[in-house]
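Undergrad: File name data_3.txt; file contents compact mmCIF, N, CA and C atoms; full text below.
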```txt
# COMPACT_ATOMS: atom_id res chain seq x y z
N MET A 13 43.31 -14.01 -2.44
CA MET A 13 43.14 -15.46 -2.55
C MET A 13 42.00 -15.74 -3.53
N THR A 14 42.29 -16.46 -4.57
CA THR A 14 41.30 -16.78 -5.59
C THR A 14 40.48 -18.00 -5.16
N PRO A 15 39.16 -17.88 -5.25
CA PRO A 15 38.34 -19.06 -4.90
C PRO A 15 38.47 -20.15 -5.97
N GLU A 16 38.21 -21.38 -5.59
CA GLU A 16 38.24 -22.49 -6.55
C GLU A 16 37.00 -22.52 -7.41
N ASN A 17 35.93 -21.90 -6.94
CA ASN A 17 34.65 -21.88 -7.66
C ASN A 17 34.17 -20.42 -7.68
N PHE A 18 33.97 -19.86 -8.86
CA PHE A 18 33.55 -18.47 -9.00
C PHE A 18 32.24 -18.20 -8.27
N LEU A 19 31.38 -19.20 -8.16
CA LEU A 19 30.08 -19.04 -7.53
C LEU A 19 30.03 -19.66 -6.13
N PHE A 20 31.15 -19.68 -5.44
CA PHE A 20 31.22 -20.31 -4.11
C PHE A 20 30.30 -19.65 -3.09
N LEU A 21 29.95 -18.40 -3.29
CA LEU A 21 29.12 -17.71 -2.30
C LEU A 21 27.72 -18.29 -2.19
N GLY A 22 27.17 -18.82 -3.27
CA GLY A 22 25.81 -19.36 -3.22
C GLY A 22 25.63 -20.42 -2.14
N PRO A 23 26.38 -21.51 -2.19
CA PRO A 23 26.25 -22.52 -1.15
C PRO A 23 26.61 -22.00 0.25
N ALA A 24 27.57 -21.07 0.34
CA ALA A 24 27.94 -20.52 1.65
C ALA A 24 26.79 -19.70 2.23
N ILE A 25 26.14 -18.91 1.40
CA ILE A 25 24.99 -18.12 1.86
C ILE A 25 23.86 -19.06 2.29
N GLU A 26 23.59 -20.08 1.48
CA GLU A 26 22.53 -21.04 1.82
C GLU A 26 22.81 -21.71 3.16
N ASP A 27 24.03 -22.17 3.36
CA ASP A 27 24.39 -22.84 4.62
C ASP A 27 24.21 -21.90 5.81
N ARG A 28 24.65 -20.67 5.66
CA ARG A 28 24.54 -19.70 6.76
C ARG A 28 23.08 -19.44 7.10
N LEU A 29 22.24 -19.29 6.07
CA LEU A 29 20.82 -19.03 6.32
C LEU A 29 20.14 -20.24 6.96
N ARG A 30 20.47 -21.45 6.51
CA ARG A 30 19.89 -22.65 7.13
C ARG A 30 20.23 -22.73 8.61
N ALA A 31 21.44 -22.32 8.95
CA ALA A 31 21.86 -22.36 10.35
C ALA A 31 21.19 -21.27 11.18
N ALA A 32 20.86 -20.15 10.57
CA ALA A 32 20.36 -19.01 11.33
C ALA A 32 18.84 -18.90 11.39
N LEU A 33 18.14 -19.46 10.40
CA LEU A 33 16.69 -19.28 10.33
C LEU A 33 15.96 -20.46 10.96
N PRO A 34 14.71 -20.24 11.37
CA PRO A 34 13.92 -21.35 11.92
C PRO A 34 13.78 -22.49 10.91
N ALA A 35 13.63 -23.69 11.40
CA ALA A 35 13.57 -24.88 10.54
C ALA A 35 12.43 -24.84 9.54
N GLU A 36 11.35 -24.13 9.84
CA GLU A 36 10.21 -24.09 8.90
C GLU A 36 10.46 -23.18 7.70
N VAL A 37 11.55 -22.41 7.71
CA VAL A 37 11.89 -21.56 6.57
C VAL A 37 12.78 -22.35 5.64
N ARG A 38 12.31 -22.58 4.44
CA ARG A 38 13.08 -23.34 3.45
C ARG A 38 14.09 -22.41 2.78
N VAL A 39 15.33 -22.84 2.71
CA VAL A 39 16.38 -22.10 2.02
C VAL A 39 16.74 -22.91 0.78
N THR A 40 16.62 -22.27 -0.38
CA THR A 40 16.79 -23.01 -1.62
C THR A 40 17.30 -22.09 -2.73
N GLN A 41 17.28 -22.57 -3.97
CA GLN A 41 17.85 -21.84 -5.10
C GLN A 41 16.77 -21.35 -6.05
N ALA A 42 17.20 -20.64 -7.08
CA ALA A 42 16.29 -20.01 -8.04
C ALA A 42 15.39 -21.03 -8.74
N TYR A 43 15.86 -22.24 -8.93
CA TYR A 43 15.08 -23.25 -9.64
C TYR A 43 13.70 -23.41 -9.00
N ASP A 44 13.66 -23.47 -7.69
CA ASP A 44 12.39 -23.65 -6.99
C ASP A 44 11.49 -22.43 -7.11
N LEU A 45 12.08 -21.24 -7.20
CA LEU A 45 11.29 -20.03 -7.35
C LEU A 45 10.54 -20.02 -8.68
N ALA A 46 11.12 -20.60 -9.69
CA ALA A 46 10.51 -20.62 -11.02
C ALA A 46 9.36 -21.62 -11.13
N HIS A 47 9.22 -22.52 -10.18
CA HIS A 47 8.20 -23.55 -10.22
C HIS A 47 7.15 -23.29 -9.14
N MET A 48 6.32 -22.30 -9.41
CA MET A 48 5.34 -21.83 -8.43
C MET A 48 4.40 -22.92 -7.93
N ASN A 49 4.06 -23.87 -8.78
CA ASN A 49 3.08 -24.88 -8.38
C ASN A 49 3.61 -25.82 -7.29
N VAL A 50 4.91 -25.84 -7.06
CA VAL A 50 5.47 -26.68 -6.00
C VAL A 50 6.24 -25.85 -4.97
N GLN A 51 5.95 -24.57 -4.91
CA GLN A 51 6.69 -23.68 -4.03
C GLN A 51 6.26 -23.85 -2.57
N PHE A 52 7.24 -24.00 -1.72
CA PHE A 52 7.01 -24.06 -0.28
C PHE A 52 7.34 -22.70 0.32
N VAL A 53 6.51 -22.26 1.22
CA VAL A 53 6.75 -20.99 1.90
C VAL A 53 6.51 -21.18 3.39
N PRO A 54 7.14 -20.43 4.25
CA PRO A 54 8.08 -19.37 3.91
C PRO A 54 9.39 -19.95 3.38
N ALA A 55 10.03 -19.16 2.54
CA ALA A 55 11.28 -19.60 1.92
C ALA A 55 12.17 -18.40 1.64
N VAL A 56 13.46 -18.70 1.53
CA VAL A 56 14.43 -17.71 1.07
C VAL A 56 15.17 -18.35 -0.09
N PHE A 57 15.09 -17.70 -1.24
CA PHE A 57 15.75 -18.19 -2.45
C PHE A 57 17.06 -17.45 -2.63
N VAL A 58 18.15 -18.19 -2.82
CA VAL A 58 19.47 -17.60 -3.01
C VAL A 58 19.76 -17.65 -4.50
N ILE A 59 19.98 -16.47 -5.10
CA ILE A 59 20.08 -16.36 -6.55
C ILE A 59 21.30 -15.53 -6.93
N TYR A 60 22.14 -16.07 -7.79
CA TYR A 60 23.25 -15.29 -8.35
C TYR A 60 22.67 -14.30 -9.35
N SER A 61 23.07 -13.05 -9.26
CA SER A 61 22.54 -12.02 -10.15
C SER A 61 23.53 -11.62 -11.23
N ARG A 62 24.70 -11.12 -10.83
CA ARG A 62 25.66 -10.62 -11.82
C ARG A 62 26.99 -10.32 -11.13
N PHE A 63 27.96 -9.91 -11.95
CA PHE A 63 29.20 -9.38 -11.40
C PHE A 63 29.63 -8.20 -12.25
N ARG A 64 30.45 -7.37 -11.64
CA ARG A 64 31.08 -6.28 -12.39
C ARG A 64 32.55 -6.26 -12.03
N VAL A 65 33.37 -5.91 -13.00
CA VAL A 65 34.81 -5.84 -12.79
C VAL A 65 35.12 -4.52 -12.11
N THR A 66 35.85 -4.58 -11.01
CA THR A 66 36.23 -3.36 -10.30
C THR A 66 37.69 -2.99 -10.54
N GLU A 67 38.49 -3.97 -10.94
CA GLU A 67 39.88 -3.71 -11.31
C GLU A 67 40.40 -4.88 -12.13
N ALA A 68 41.12 -4.56 -13.19
CA ALA A 68 41.76 -5.58 -14.03
C ALA A 68 42.95 -4.95 -14.73
N SER A 69 43.91 -4.50 -13.94
CA SER A 69 45.03 -3.73 -14.48
C SER A 69 46.12 -4.59 -15.11
N VAL A 70 46.22 -5.83 -14.69
CA VAL A 70 47.23 -6.73 -15.27
C VAL A 70 46.56 -8.06 -15.61
N PRO A 71 47.12 -8.82 -16.56
CA PRO A 71 46.45 -10.06 -16.99
C PRO A 71 46.24 -11.12 -15.91
N ALA A 72 47.07 -11.16 -14.88
CA ALA A 72 46.94 -12.22 -13.87
C ALA A 72 46.14 -11.77 -12.65
N PHE A 73 45.50 -10.60 -12.74
CA PHE A 73 44.78 -10.08 -11.59
C PHE A 73 43.48 -9.42 -12.03
N ALA A 74 42.42 -9.71 -11.30
CA ALA A 74 41.15 -9.00 -11.48
C ALA A 74 40.44 -8.96 -10.14
N SER A 75 39.72 -7.91 -9.95
CA SER A 75 38.88 -7.79 -8.77
C SER A 75 37.46 -7.58 -9.28
N VAL A 76 36.54 -8.37 -8.74
CA VAL A 76 35.15 -8.26 -9.18
C VAL A 76 34.25 -8.07 -7.97
N GLU A 77 33.07 -7.56 -8.24
CA GLU A 77 32.05 -7.44 -7.22
C GLU A 77 30.85 -8.25 -7.71
N GLN A 78 30.52 -9.29 -6.97
CA GLN A 78 29.35 -10.11 -7.31
C GLN A 78 28.12 -9.58 -6.60
N THR A 79 26.97 -9.74 -7.25
CA THR A 79 25.69 -9.42 -6.62
C THR A 79 24.87 -10.70 -6.50
N TRP A 80 24.40 -10.95 -5.31
CA TRP A 80 23.54 -12.09 -5.00
C TRP A 80 22.22 -11.57 -4.45
N LEU A 81 21.16 -12.28 -4.72
CA LEU A 81 19.85 -11.94 -4.19
C LEU A 81 19.41 -13.00 -3.20
N THR A 82 18.78 -12.57 -2.14
CA THR A 82 18.05 -13.47 -1.26
C THR A 82 16.61 -13.00 -1.35
N VAL A 83 15.77 -13.80 -1.98
CA VAL A 83 14.37 -13.42 -2.18
C VAL A 83 13.53 -14.14 -1.14
N ILE A 84 12.92 -13.36 -0.28
CA ILE A 84 12.05 -13.90 0.75
C ILE A 84 10.67 -14.10 0.14
N ALA A 85 10.13 -15.30 0.28
CA ALA A 85 8.80 -15.61 -0.25
C ALA A 85 7.91 -16.09 0.90
N VAL A 86 6.76 -15.47 0.99
CA VAL A 86 5.78 -15.86 2.00
C VAL A 86 4.41 -15.91 1.35
N ARG A 87 3.48 -16.54 2.02
CA ARG A 87 2.10 -16.52 1.56
C ARG A 87 1.22 -16.34 2.77
N ASN A 88 0.39 -15.32 2.68
CA ASN A 88 -0.57 -15.04 3.74
C ASN A 88 -1.81 -14.49 3.04
N ALA A 89 -2.87 -15.27 3.02
CA ALA A 89 -4.07 -14.91 2.29
C ALA A 89 -4.92 -13.87 3.01
N ALA A 90 -4.63 -13.58 4.26
CA ALA A 90 -5.39 -12.56 4.98
C ALA A 90 -5.18 -11.22 4.28
N ASN A 91 -6.27 -10.60 3.88
CA ASN A 91 -6.22 -9.30 3.22
C ASN A 91 -5.33 -9.35 1.97
N HIS A 92 -5.41 -10.45 1.20
CA HIS A 92 -4.51 -10.64 0.07
C HIS A 92 -4.69 -9.61 -1.04
N ALA A 93 -5.84 -9.00 -1.15
CA ALA A 93 -6.04 -7.98 -2.19
C ALA A 93 -5.10 -6.80 -1.97
N VAL A 94 -4.87 -6.44 -0.72
CA VAL A 94 -3.97 -5.34 -0.40
C VAL A 94 -2.56 -5.86 -0.15
N GLY A 95 -2.44 -7.05 0.42
CA GLY A 95 -1.14 -7.67 0.67
C GLY A 95 -0.48 -7.28 1.96
N ASN A 96 -1.21 -6.61 2.85
CA ASN A 96 -0.60 -6.16 4.10
C ASN A 96 -0.05 -7.29 4.95
N ALA A 97 -0.82 -8.34 5.14
CA ALA A 97 -0.40 -9.44 6.03
C ALA A 97 0.85 -10.13 5.48
N ALA A 98 0.86 -10.41 4.20
CA ALA A 98 2.02 -11.06 3.59
C ALA A 98 3.24 -10.14 3.63
N ARG A 99 3.03 -8.87 3.36
CA ARG A 99 4.15 -7.91 3.39
C ARG A 99 4.75 -7.83 4.79
N GLU A 100 3.91 -7.79 5.81
CA GLU A 100 4.41 -7.75 7.17
C GLU A 100 5.17 -9.02 7.53
N GLU A 101 4.67 -10.16 7.09
CA GLU A 101 5.36 -11.43 7.35
C GLU A 101 6.74 -11.45 6.69
N ALA A 102 6.81 -10.99 5.44
CA ALA A 102 8.10 -10.93 4.74
C ALA A 102 9.05 -9.97 5.44
N GLY A 103 8.52 -8.85 5.89
CA GLY A 103 9.36 -7.88 6.60
C GLY A 103 9.93 -8.42 7.89
N ARG A 104 9.14 -9.21 8.60
CA ARG A 104 9.64 -9.83 9.84
C ARG A 104 10.73 -10.85 9.54
N LEU A 105 10.60 -11.58 8.45
CA LEU A 105 11.61 -12.58 8.08
C LEU A 105 12.88 -11.91 7.55
N ALA A 106 12.76 -10.72 7.00
CA ALA A 106 13.93 -10.02 6.45
C ALA A 106 14.97 -9.70 7.53
N ILE A 107 14.52 -9.41 8.73
CA ILE A 107 15.47 -9.02 9.78
C ILE A 107 16.45 -10.14 10.12
N PRO A 108 16.02 -11.38 10.38
CA PRO A 108 17.01 -12.42 10.66
C PRO A 108 17.87 -12.77 9.44
N VAL A 109 17.35 -12.59 8.22
CA VAL A 109 18.17 -12.82 7.02
C VAL A 109 19.28 -11.78 6.98
N ILE A 110 18.93 -10.52 7.18
CA ILE A 110 19.93 -9.45 7.17
C ILE A 110 20.94 -9.67 8.29
N ASP A 111 20.47 -9.97 9.48
CA ASP A 111 21.38 -10.20 10.60
C ASP A 111 22.36 -11.34 10.31
N ALA A 112 21.85 -12.43 9.76
CA ALA A 112 22.70 -13.59 9.49
C ALA A 112 23.79 -13.29 8.47
N LEU A 113 23.45 -12.55 7.44
CA LEU A 113 24.41 -12.33 6.36
C LEU A 113 25.34 -11.16 6.61
N GLN A 114 24.88 -10.14 7.29
CA GLN A 114 25.76 -9.00 7.58
C GLN A 114 26.82 -9.36 8.61
N GLN A 115 26.57 -10.34 9.42
CA GLN A 115 27.48 -10.67 10.50
C GLN A 115 28.41 -11.84 10.16
N THR A 116 28.44 -12.24 8.90
CA THR A 116 29.26 -13.39 8.52
C THR A 116 30.24 -13.01 7.41
N ARG A 117 31.47 -13.42 7.57
CA ARG A 117 32.47 -13.22 6.51
C ARG A 117 32.62 -14.52 5.75
N PHE A 118 32.51 -14.44 4.45
CA PHE A 118 32.61 -15.63 3.59
C PHE A 118 33.96 -15.60 2.88
N THR A 119 34.96 -16.17 3.48
CA THR A 119 36.30 -16.19 2.91
C THR A 119 36.29 -17.02 1.62
N PRO A 120 36.89 -16.57 0.54
CA PRO A 120 37.79 -15.44 0.40
C PRO A 120 37.12 -14.14 -0.06
N ALA A 121 35.84 -13.99 0.06
CA ALA A 121 35.18 -12.74 -0.32
C ALA A 121 35.55 -11.64 0.68
N ARG A 122 35.51 -10.41 0.20
CA ARG A 122 35.84 -9.26 1.05
C ARG A 122 34.57 -8.66 1.66
N GLY A 123 33.82 -9.46 2.36
CA GLY A 123 32.64 -8.96 3.05
C GLY A 123 31.40 -8.94 2.17
N LEU A 124 30.28 -9.20 2.78
CA LEU A 124 28.98 -9.18 2.12
C LEU A 124 28.26 -7.93 2.59
N LYS A 125 27.82 -7.10 1.64
CA LYS A 125 27.18 -5.84 1.99
C LYS A 125 25.78 -5.78 1.40
N LEU A 126 24.86 -5.29 2.19
CA LEU A 126 23.50 -5.07 1.71
C LEU A 126 23.53 -4.01 0.62
N ALA A 127 22.79 -4.24 -0.45
CA ALA A 127 22.82 -3.33 -1.60
C ALA A 127 21.40 -3.06 -2.09
N GLU A 128 21.30 -2.16 -3.04
CA GLU A 128 19.99 -1.83 -3.63
C GLU A 128 19.43 -3.05 -4.36
N ALA A 129 18.15 -3.32 -4.13
CA ALA A 129 17.53 -4.52 -4.68
C ALA A 129 16.39 -4.17 -5.63
N LEU A 130 15.89 -5.20 -6.26
CA LEU A 130 14.70 -5.08 -7.11
C LEU A 130 13.49 -4.77 -6.24
N PRO A 131 12.42 -4.24 -6.83
CA PRO A 131 11.21 -3.99 -6.04
C PRO A 131 10.57 -5.28 -5.56
N ALA A 132 9.89 -5.19 -4.43
CA ALA A 132 9.11 -6.31 -3.92
C ALA A 132 7.84 -6.44 -4.75
N GLY A 133 7.20 -7.61 -4.66
CA GLY A 133 5.97 -7.79 -5.42
C GLY A 133 5.12 -8.91 -4.87
N SER A 134 3.88 -8.92 -5.33
CA SER A 134 2.96 -9.97 -4.93
C SER A 134 2.25 -10.49 -6.17
N ASP A 135 1.60 -11.64 -6.02
CA ASP A 135 0.93 -12.25 -7.17
C ASP A 135 -0.59 -12.15 -7.10
N GLY A 136 -1.12 -11.51 -6.09
CA GLY A 136 -2.56 -11.38 -5.96
C GLY A 136 -3.25 -12.56 -5.30
N ALA A 137 -2.52 -13.64 -5.04
CA ALA A 137 -3.09 -14.82 -4.39
C ALA A 137 -2.52 -15.01 -2.99
N GLY A 138 -1.91 -13.97 -2.45
CA GLY A 138 -1.36 -14.05 -1.11
C GLY A 138 0.13 -14.28 -1.05
N PHE A 139 0.79 -14.56 -2.19
CA PHE A 139 2.24 -14.70 -2.21
C PHE A 139 2.87 -13.31 -2.26
N TYR A 140 3.95 -13.15 -1.51
CA TYR A 140 4.67 -11.88 -1.49
C TYR A 140 6.16 -12.18 -1.57
N TYR A 141 6.89 -11.42 -2.39
CA TYR A 141 8.31 -11.65 -2.63
C TYR A 141 9.09 -10.38 -2.29
N LEU A 142 10.04 -10.53 -1.39
CA LEU A 142 10.86 -9.40 -0.95
C LEU A 142 12.32 -9.71 -1.27
N PRO A 143 12.87 -9.11 -2.33
CA PRO A 143 14.28 -9.35 -2.65
C PRO A 143 15.20 -8.46 -1.83
N LEU A 144 16.26 -9.05 -1.33
CA LEU A 144 17.35 -8.33 -0.69
C LEU A 144 18.60 -8.60 -1.54
N ALA A 145 19.34 -7.56 -1.87
CA ALA A 145 20.54 -7.72 -2.69
C ALA A 145 21.78 -7.59 -1.82
N TRP A 146 22.80 -8.33 -2.22
CA TRP A 146 24.06 -8.36 -1.48
C TRP A 146 25.21 -8.27 -2.48
N THR A 147 26.24 -7.52 -2.14
CA THR A 147 27.44 -7.48 -2.98
C THR A 147 28.62 -7.98 -2.17
N ALA A 148 29.56 -8.59 -2.88
CA ALA A 148 30.78 -9.09 -2.25
C ALA A 148 31.94 -8.93 -3.22
N GLY A 149 33.04 -8.42 -2.72
CA GLY A 149 34.25 -8.29 -3.53
C GLY A 149 35.04 -9.57 -3.52
N ILE A 150 35.55 -9.94 -4.70
CA ILE A 150 36.33 -11.17 -4.84
C ILE A 150 37.54 -10.88 -5.71
N THR A 151 38.70 -11.36 -5.28
CA THR A 151 39.92 -11.21 -6.04
C THR A 151 40.18 -12.46 -6.84
N LEU A 152 40.50 -12.27 -8.10
CA LEU A 152 40.87 -13.37 -8.99
C LEU A 152 42.31 -13.13 -9.41
N ALA A 153 43.25 -13.81 -8.75
CA ALA A 153 44.67 -13.57 -9.01
C ALA A 153 45.38 -14.90 -9.24
N ARG A 154 46.32 -14.86 -10.12
CA ARG A 154 47.18 -16.02 -10.40
C ARG A 154 48.62 -15.61 -10.13
N GLU A 155 49.45 -16.59 -9.74
CA GLU A 155 50.85 -16.29 -9.46
C GLU A 155 51.61 -15.92 -10.71
N GLN A 156 51.19 -16.44 -11.85
CA GLN A 156 51.88 -16.16 -13.10
C GLN A 156 50.90 -15.62 -14.12
N CYS A 157 51.40 -14.74 -14.98
CA CYS A 157 50.58 -14.28 -16.09
C CYS A 157 50.38 -15.43 -17.06
N PRO A 158 49.20 -15.53 -17.67
CA PRO A 158 48.94 -16.63 -18.57
C PRO A 158 49.74 -16.58 -19.86
N ASN A 159 50.34 -15.45 -20.19
CA ASN A 159 51.10 -15.31 -21.46
C ASN A 159 52.55 -15.54 -21.28
```
Could I get this structure in the form of structure tokens?

TA:
Amino acid sequence: MTPENFLFLGPAIEDRLRAALPAEVRVTQAYDLAHMNVQFVPAVFVIYSRFRVTEASVPAFASVEQTWLTVIAVRNAANHAVGNAAREEAGRLAIPVIDALQQTRFTPARGLKLAEALPAGSDGAGFYYLPLAWTAGITLAREQCPN
């Protein structure tokens, strides 16, 4: 089943996280992550990363695997030079994010799977960012060949 929107997973992931996480955790998109001066934390940013083609044997059919990131952002100034407090806070928030997304099927995607992510990082002012990567298979099929 071909989705009507190639990027349909973004809003579906956001909705699922809003339903599963505490109200004080903001769920938003990459735009807000780029604007540090107005960033609210704790937050989870849902970001489209890329796709790769897994099969495209005929013109009316393709199978792709999309990668999405959920970047957990927290700020904890306690021991900010080392980042232990912020790292622990991000780690605690990662568990309900993982639970929420691993246990949900986003039709028509073929399951969301935890995948290798970018390294975590901090900014030295108490902000800590923990990216979690997710992959999902999607079929792009048409009843007729375009030619």

Undergrad: Looking at A:Ala32, A:Val86, A:Leu21, A:Ala68, which one is nearest to Val53 (chain A), with distances taken over all atoms listed in the file?

TA: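 So, comparing all the options, the nearest one is A:Val86.
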
Undergrad: Calculated over all atoms listed in the file, which of the candidates A:Ala24, A:Val56, A:Ala127, A:Ala148 has the smallest distance to Arg38 (chain A)?

TA: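 Of the candidates, the smallest distance to Arg38 (chain A) is held by A:Val56.
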
Undergrad: What is the atom N of Pro15 (chain A) to CA of Arg122 (chain A) distance in Å?

TA: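 It comes out at 11.2 Å.
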
Undergrad: Which distance in Å separates atom N of Gly103 (chain A) and CA of Ile25 (chain A), to one decimal?

TA: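 Between atom N of Gly103 (chain A) and CA of Ile25 (chain A) the gap is 19.3 Å.
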
Undergrad: Please extract the residues of region 15-158 of chain A with a backbone DSSP assignment of alpha helix (DSSP H) and present them as JSON, numbers by chain.

TA: {"A": [21, 22, 23, 24, 25, 26, 27, 28, 29, 30, 31, 32, 42, 43, 44, 45, 96, 97, 98, 99, 100, 101, 102, 103, 104, 105, 106, 107, 108, 109, 110, 111, 112, 113, 114]}

Undergrad: Please report the interatomic distance between CA of Val109 (chain A) and CA of Asp135 (chain A) in Å with one decimal.

TA: 22.3 Å

Undergrad: I want to know what sits within 7 Å of Ala74 (chain A), based on all atoms listed in the file, with residues of the same chain fewer than 3 positions away left out; could you give that as an MDAnalysis selection string?

TA: chainID A and resid 65:71 150:154

Undergrad: Can you tell me, as JSON, numbers by chain, what residues are no more than 8 Å from Leu124 (chain A) when counting only C-alpha atoms, ignoring any on the same chain fewer than 4 positions away?

TA: {"A": [113, 114, 116, 117, 118, 146, 147, 148, 149]}

Undergrad: Which protein, DNA or RNA residues have an atom at most 5 Å from (20.7, -10.4, -3.5), counting only N, CA and C atoms? List them as a tab-separated table (two decimals) with N, CA and C atoms, in the frame of the given file.

TA:
```tsv
chain	number	residue	atom	x	y	z
A	80	TRP	N	24.40	-10.95	-5.31
A	80	TRP	CA	23.54	-12.09	-5.00
A	80	TRP	C	22.22	-11.57	-4.45
A	81	LEU	N	21.16	-12.28	-4.72
A	81	LEU	CA	19.85	-11.94	-4.19
A	81	LEU	C	19.41	-13.00	-3.20
A	82	THR	N	18.78	-12.57	-2.14
A	82	THR	CA	18.05	-13.47	-1.26
A	82	THR	C	16.61	-13.00	-1.35
A	144	LEU	N	16.26	-9.05	-1.33
A	144	LEU	CA	17.35	-8.33	-0.69
A	144	LEU	C	18.60	-8.60	-1.54
A	145	ALA	N	19.34	-7.56	-1.87
A	145	ALA	CA	20.54	-7.72	-2.69
A	145	ALA	C	21.78	-7.59	-1.82
A	146	TRP	N	22.80	-8.33	-2.22
A	146	TRP	CA	24.06	-8.36	-1.48
A	146	TRP	C	25.21	-8.27	-2.48
```
